[in-house]
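A.B. asks: Got a structure for you, written out below as structure tokens; questions coming shortly.
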Amino acid sequence: MKTNRTLNNAFPIVAAALGNNLGVKVIVGGEDARTNGDTIQIPAYDGDDPDYRDVAWGYLAHEAGHVRFTDMECFRQASQVPIRKAILNVLEDVRIERQLAEMYPGTRLTIEKTIRKMIDQGDFAMQPPNAHPAAVLDSFLLFHLRTRELGQTALSDLADEAERLLEERFPTGAVTRLFGLLSEVPRLGSTRDCLILTDRILRMIEEELAKAEEEVEKPPRGESGTGGAPDNTQADPGKTDSPTGDPDEIAQPKADAPVGDSDQNAPADVPNGPADAAPAGDSHPATDGNGVSPASVPSDGKADDSVRVLRAVLSARAEDVGRDLFECARKTLSLTTSQASNLVLPAADEPPENPENGRALLDKTVLESTRIRSKLQGLVQASRLKRPALKSLGRKISGNRLHRLATGDPRVFEQRLPQTAPNTAVHVLLDRSPSMRNTVVHQRRIDIAWVACVALALALEGIPGVNPAITAFPGHEGRADSVYRVMDHGQRVRQRAPYLGFETDGGTPLAQGLWYAASRVLACREPRKVILVLTDGKPDSEAAVRDILDRCTASGIEVVGIGLGITVGHLFERSISILEIQELRERLFELSRDLLIAA
């Protein structure tokens with residue numbers, strides 16, 4: 001596995017940028033891909049394999065759709081019945097990917113590229129002719145809807161084969177009614193809508209099963225008797241599963257429909273699917289002892305075949321249903337222990353809110369920051385107002401230099417070199433580990449750190465061309481895979497005052513904090529990028545810290561360590577120490593001056 005030793009286009013940085021663009025939290029770390037409905041985790045891959053990256057970006061985009069648009073509680077209502085869960089999953093996947101593409105058009109191509117990779121790797125193929133009927137139905141829904149609704153042409157051949165197999169194995173009436181129900185997919189607007197349509201599909205299968213059982217149970221009659229029998233293979237135009245059915249009947253099952261018992265934990269407005277998928281008295285298992293679907297065994301009559309197929313669908317177990325597309329992608333992304341890097345790029349969480357403490361800290365710091373800012377502004381302005389050079393050619397004549405012409409000196413034209421603003425993104429990283437509770441000359445390090453953070457941010461945000469931010473680590477519940485986003489780039493300190501001044505927690509995951517800070521400054525437009533780290537210099541892993549510091553240097557990111565009551569030169573090539581609170585203003589001014597003027 002080739003490793004990218006810079007941060008430019010590094011896998012964790014790109015993953016974090018994609019998550020930020022899609023509005024979801026992303027963690028890069030560990031060996032497996034997963035999501036909990038709020039945060040997406042991608043394995044700690046540190047290589048450059050384009051195929052792996054393509055699958056990862058598609059998985060991330062798909063799961064971002066679930067995080068943003070799926071009602072997870074409603075989704076959990078379907079998880080107890082495998083076939084219900086499988087159908088809902090296909091419908092919901094199509095809905096959220098379509099909605100995601102409307103907001104972020106680029107995700108359409110990203111996800112389709114992932115699907116092509118999965119097909120090329122052999123993760124997707126047509127179900128065999130004797131596959132379990134539930135797998136046949138699931139594959140048809142997956143391939144048909146993704147091809148028709150999402151335009152994923154890579155699946156078009158599989159969609160055609162899946163439709164042919166469905167028509168061969170399922171009764172004609174069920175197939176006809178299924179197509180009618182699927183015409184409503186473009187109008188699905190929520191997870192609940194998908195669940196309602198899922199239950200209508202299952203109810204239709206139960207009704208078709210009842211018809212087929214009635215046909216089987218009819219006593220043999222002469223040709224004259226059979227001639228008058230109704231054709232049970234055609235869809236009943238009065239059924240509500242047609243696209244023109246009564247909308248009041250969509251959300252509420254029919255009183256006489258053979259659906260299962262209600263889920264006692266389900267909300268009142270969420271319909272219940274069949275709790276017992278197989279009809280009463282059905283003792284047929286989903287597969288026989290040889291693992292072959294009973295519905296694939298030849299029988300004496302078409303009606304009997306239909307009964308076997310439809311019963312097998314309703315009684316399907318989890319292993320009988322086809323494989324989920326992005327569950328396969330998740331397994332493809334899994335790494336072994338030797339393949340996974342030890343890096344962790346944490347997710348950013350909202351810090352605890354304490355308006356009273358935050359405003360008190362802000363009021364305490366305003367005076368110091370004003371003095372620092374006024375000095376810095378004067379220096380920045382002076383550095384941009386350099387005296388003009390005198391040239392022999394130009395457009396603007398210097399009036400007080402015209403006497404030079406009498407001596408034959410033609411240098412009377414002023415020429416000013418353009419001076420730009422600092423144009424710097426500054427990310428202040430605050431260590432809130434328990435060791436920061438230790439005192440320095442009767443003051444806790446964490447208190448000094450908060451004053452320094454807020455003073456720096458207030459001073460820098462008032463200087464044109466400087467874009468400050470503040471992040472504290474560790475974040476939620478002291479976890480190493482979380483940081484607290486105190487103030488992001490582009491925000492103002494006063495706007496974030498309620499989130500200032502919270503207490504210590506957890507360990508000292510400095511490397512993880514640096515990964516996050518690096519990902520944020522790399523996303524900024526300012527060409528110069530600086531990270532200021534306020535810490536006591538005792539990280540959980542010095543090796544991991546040195547690795548990310550080396551990558552920052554190779555990527556043009558300047559990192560400065562600020563030791564609080566301790567020197568941190570053993571970690572940072574460039575560092576300062578604040579040993580007493582009285583030194584704070586002068587040391588912060590010197591640091592800011594060096595960053596903004598000496599560049």
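In the structure tokens, the first chain shown is A, the next is B, and so on; residue numbers restart at 1 for each chain, and ligands run from 1 in the order shown.
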Report the residues of stretch 16-170 of chain A whose backbone DSSP state falls under strand (DSSP E or B), written as a list in words.

C.D. replies: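 The strand (DSSP E or B) residues within stretch 16-170 of chain A come out as Lys25, Val26, Ile27, Val28, Arg34, Thr35, Thr39, Ile40, Gln41 and Ile42 of chain A.
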
A.B. asks: Can you write just those residues out, all heavy atoms, as a CSV table (one decimal), in the first residue's frame?

C.D. replies:
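In the end it all went to part_33.csv:
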```csv
chain,number,residue,atom,x,y,z
A,25,LYS,N,-20.9,14.5,9.6
A,25,LYS,CA,-19.7,14.3,10.4
A,25,LYS,C,-19.0,13.0,10.0
A,25,LYS,O,-19.7,12.0,9.8
A,25,LYS,CB,-20.0,14.2,11.9
A,25,LYS,CG,-20.5,15.5,12.5
A,25,LYS,CD,-20.6,15.5,14.0
A,25,LYS,CE,-21.8,14.6,14.4
A,25,LYS,NZ,-22.0,14.7,15.9
A,26,VAL,N,-17.7,13.1,9.8
A,26,VAL,CA,-16.9,11.9,9.3
A,26,VAL,C,-15.8,11.7,10.2
A,26,VAL,O,-15.1,12.6,10.6
A,26,VAL,CB,-16.4,12.1,7.9
A,26,VAL,CG1,-15.5,11.0,7.4
A,26,VAL,CG2,-17.6,12.3,6.9
A,27,ILE,N,-15.6,10.4,10.6
A,27,ILE,CA,-14.4,10.0,11.3
A,27,ILE,C,-13.6,9.1,10.4
A,27,ILE,O,-14.2,8.2,9.8
A,27,ILE,CB,-14.8,9.2,12.6
A,27,ILE,CG1,-15.5,10.1,13.6
A,27,ILE,CG2,-13.6,8.6,13.3
A,27,ILE,CD1,-16.1,9.4,14.8
A,28,VAL,N,-12.3,9.3,10.4
A,28,VAL,CA,-11.4,8.3,9.7
A,28,VAL,C,-10.6,7.6,10.7
A,28,VAL,O,-9.8,8.3,11.4
A,28,VAL,CB,-10.5,9.1,8.7
A,28,VAL,CG1,-9.6,8.1,8.0
A,28,VAL,CG2,-11.4,9.8,7.6
A,34,ARG,N,-18.7,2.2,8.9
A,34,ARG,CA,-20.0,2.0,9.6
A,34,ARG,C,-20.6,3.4,9.7
A,34,ARG,O,-19.9,4.4,9.5
A,34,ARG,CB,-19.8,1.4,10.9
A,34,ARG,CG,-18.9,2.2,11.9
A,34,ARG,CD,-19.0,1.6,13.3
A,34,ARG,NE,-18.3,0.3,13.3
A,34,ARG,CZ,-17.0,0.1,13.6
A,34,ARG,NH1,-16.3,1.2,13.9
A,34,ARG,NH2,-16.5,-1.0,13.7
A,35,THR,N,-21.9,3.4,10.1
A,35,THR,CA,-22.5,4.7,10.4
A,35,THR,C,-23.5,4.4,11.5
A,35,THR,O,-24.1,3.3,11.6
A,35,THR,CB,-23.3,5.3,9.2
A,35,THR,OG1,-23.9,6.5,9.6
A,35,THR,CG2,-24.3,4.4,8.6
A,39,THR,N,-23.0,9.9,12.5
A,39,THR,CA,-21.6,10.0,12.1
A,39,THR,C,-21.2,8.9,11.2
A,39,THR,O,-21.6,7.7,11.4
A,39,THR,CB,-20.7,10.1,13.3
A,39,THR,OG1,-21.1,11.1,14.2
A,39,THR,CG2,-19.3,10.3,12.9
A,40,ILE,N,-20.5,9.1,10.2
A,40,ILE,CA,-20.0,8.1,9.2
A,40,ILE,C,-18.5,7.9,9.6
A,40,ILE,O,-17.7,8.8,9.7
A,40,ILE,CB,-20.1,8.6,7.8
A,40,ILE,CG1,-21.6,8.9,7.5
A,40,ILE,CG2,-19.6,7.5,6.8
A,40,ILE,CD1,-21.8,9.6,6.1
A,41,GLN,N,-18.2,6.6,9.7
A,41,GLN,CA,-16.8,6.2,10.0
A,41,GLN,C,-16.2,5.5,8.8
A,41,GLN,O,-16.8,4.6,8.3
A,41,GLN,CB,-16.6,5.4,11.2
A,41,GLN,CG,-15.2,5.0,11.5
A,41,GLN,CD,-15.0,4.4,12.9
A,41,GLN,OE1,-15.7,4.7,13.8
A,41,GLN,NE2,-13.9,3.6,13.1
A,42,ILE,N,-15.0,6.0,8.3
A,42,ILE,CA,-14.3,5.4,7.2
A,42,ILE,C,-13.0,4.8,7.7
A,42,ILE,O,-12.4,5.4,8.6
A,42,ILE,CB,-14.0,6.4,6.1
A,42,ILE,CG1,-15.3,7.1,5.6
A,42,ILE,CG2,-13.2,5.8,5.0
A,42,ILE,CD1,-16.1,6.2,4.8
```

A.B. asks: Contacts of A:Gln491 at 9 Å or less, counting only C-alpha atoms, minus same-chain residues fewer than 3 places along, as a ChimeraX atom specification?

C.D. replies: /A:467-469,487-488,494-496

A.B. asks: Taking 4 positions as the minimum chain separation for residues in the same chain, which residues sit within 8 Å of A:Arg108 when counting only C-alpha atoms? Answer as JSON, numbers by chain.

C.D. replies: {"A": [97, 101, 112]}

A.B. asks: Write the selection just made, keeping N, CA, C and O atoms, as a PDB file, in the first residue's frame?

C.D. replies:
```pdb
ATOM      1  N   GLU A  97     -30.822   8.768  -2.433  1.00  0.00           N
ATOM      2  CA  GLU A  97     -29.808   9.092  -3.442  1.00  0.00           C
ATOM      3  C   GLU A  97     -30.344  10.105  -4.455  1.00  0.00           C
ATOM      4  O   GLU A  97     -29.605  10.979  -4.917  1.00  0.00           O
ATOM      5  N   ALA A 101     -28.747  13.836  -4.839  1.00  0.00           N
ATOM      6  CA  ALA A 101     -28.270  14.319  -6.131  1.00  0.00           C
ATOM      7  C   ALA A 101     -28.913  15.650  -6.515  1.00  0.00           C
ATOM      8  O   ALA A 101     -28.314  16.439  -7.253  1.00  0.00           O
ATOM      9  N   GLU A 112     -22.400   6.135  -8.891  1.00  0.00           N
ATOM     10  CA  GLU A 112     -22.405   5.228 -10.044  1.00  0.00           C
ATOM     11  C   GLU A 112     -21.010   4.639 -10.278  1.00  0.00           C
ATOM     12  O   GLU A 112     -20.879   3.474 -10.650  1.00  0.00           O
TER      13      GLU A 112
END
```

A.B. asks: Between atom CA of A:Pro410 and atom CA of A:Lys391, measure the distance and give it in Å to one decimal.

C.D. replies: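 According to the coordinates, atom CA of A:Pro410 and atom CA of A:Lys391 are separated by 7.6 Å.
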
A.B. asks: Atom CA of A:Glu167 and atom CA of A:Val81, how far apart in Å?

C.D. replies: 24.4 Å

A.B. asks: Using only C-alpha atoms, which of A:Val55, A:Ile196, A:Ala15, A:Leu402 sits nearest A:Leu91?

C.D. replies: A:Ile196

A.B. asks: Just want the 7 Å neighbourhood of stretch 345-348 of chain A, counted on only C-alpha atoms, with same-chain residues fewer than 6 positions away dropped. Output as a list in words.

C.D. replies: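 With the cut-off at 7 Å, the set is Pro12, Lys25, Val26, Ile27, Val28, Gly29, Asp481, Ser482, Val483, Tyr484, Arg485, Gln512, Trp515 and Tyr516 of chain A.
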
A.B. asks: Would you list the contacts of stretch 505-509 of chain A as a list in words, taking every protein, DNA or RNA residue within 9 Å and counting only C-alpha atoms, but skipping same-chain residues closer than 5 positions in sequence?

C.D. replies: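 The residues that qualify are Asp431, Arg432, Ser433, Pro434, Ser435, Phe473, Pro474, Gly475, His476, Glu477, Gly478, Arg479, Ala480, Asp481, Leu514, Lys538, Pro539, Asp540, Ser541 and Val545 of chain A.
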
A.B. asks: Please return as JSON, numbers by chain: the residues of stretch 357-589 of chain A that backbone DSSP assigns to helix (DSSP H, G or I).

C.D. replies: {"A": [357, 358, 359, 360, 361, 362, 363, 364, 365, 366, 367, 368, 369, 370, 371, 372, 373, 374, 375, 376, 377, 378, 379, 380, 381, 382, 383, 384, 399, 400, 401, 402, 403, 404, 405, 406, 407, 434, 435, 436, 437, 445, 446, 447, 448, 449, 450, 451, 452, 453, 454, 455, 456, 457, 458, 459, 460, 461, 476, 477, 478, 494, 495, 496, 497, 498, 499, 510, 511, 512, 513, 514, 515, 516, 517, 518, 519, 520, 521, 522, 542, 543, 544, 545, 546, 547, 548, 549, 550, 551, 552, 553, 554, 581, 582, 583, 584, 585, 586, 587, 588, 589]}

A.B. asks: Counting only C-alpha atoms, which residue out of A:Ile119, A:Val466, A:Ala159, A:Val344 sits closest to A:Lys529?

C.D. replies: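 Among the listed residues, A:Val466 lies closest to A:Lys529.
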
A.B. asks: In terms of the shortest atom-to-atom distance over only C-alpha atoms, which of A:Ile87, A:Leu579, A:Ile470, A:Val559 is closest to A:His489?

C.D. replies: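 Once distances to A:His489 are computed over only C-alpha atoms, the minimum belongs to A:Ile470.
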
A.B. asks: Restricting the calculation to only C-alpha atoms: of A:Leu335, A:Leu195, A:Ala134, A:Leu166, which residue gets closest to A:Leu314?

C.D. replies: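 Under the stated criterion, the closest residue is A:Ala134.
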
A.B. asks: Which of these, A:Leu60, A:Lys211, A:Asp120, A:Leu510, has the shortest distance to A:Ala543 once you count only C-alpha atoms?

C.D. replies: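 The closest residue to A:Ala543 is A:Leu510.
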
A.B. asks: What is the distance, in Å and to one decimal place, between atom CA of A:Leu343 and atom CA of A:Gly58?

C.D. replies: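 Taking atom CA of A:Leu343 and atom CA of A:Gly58, their separation equals 21.7 Å.
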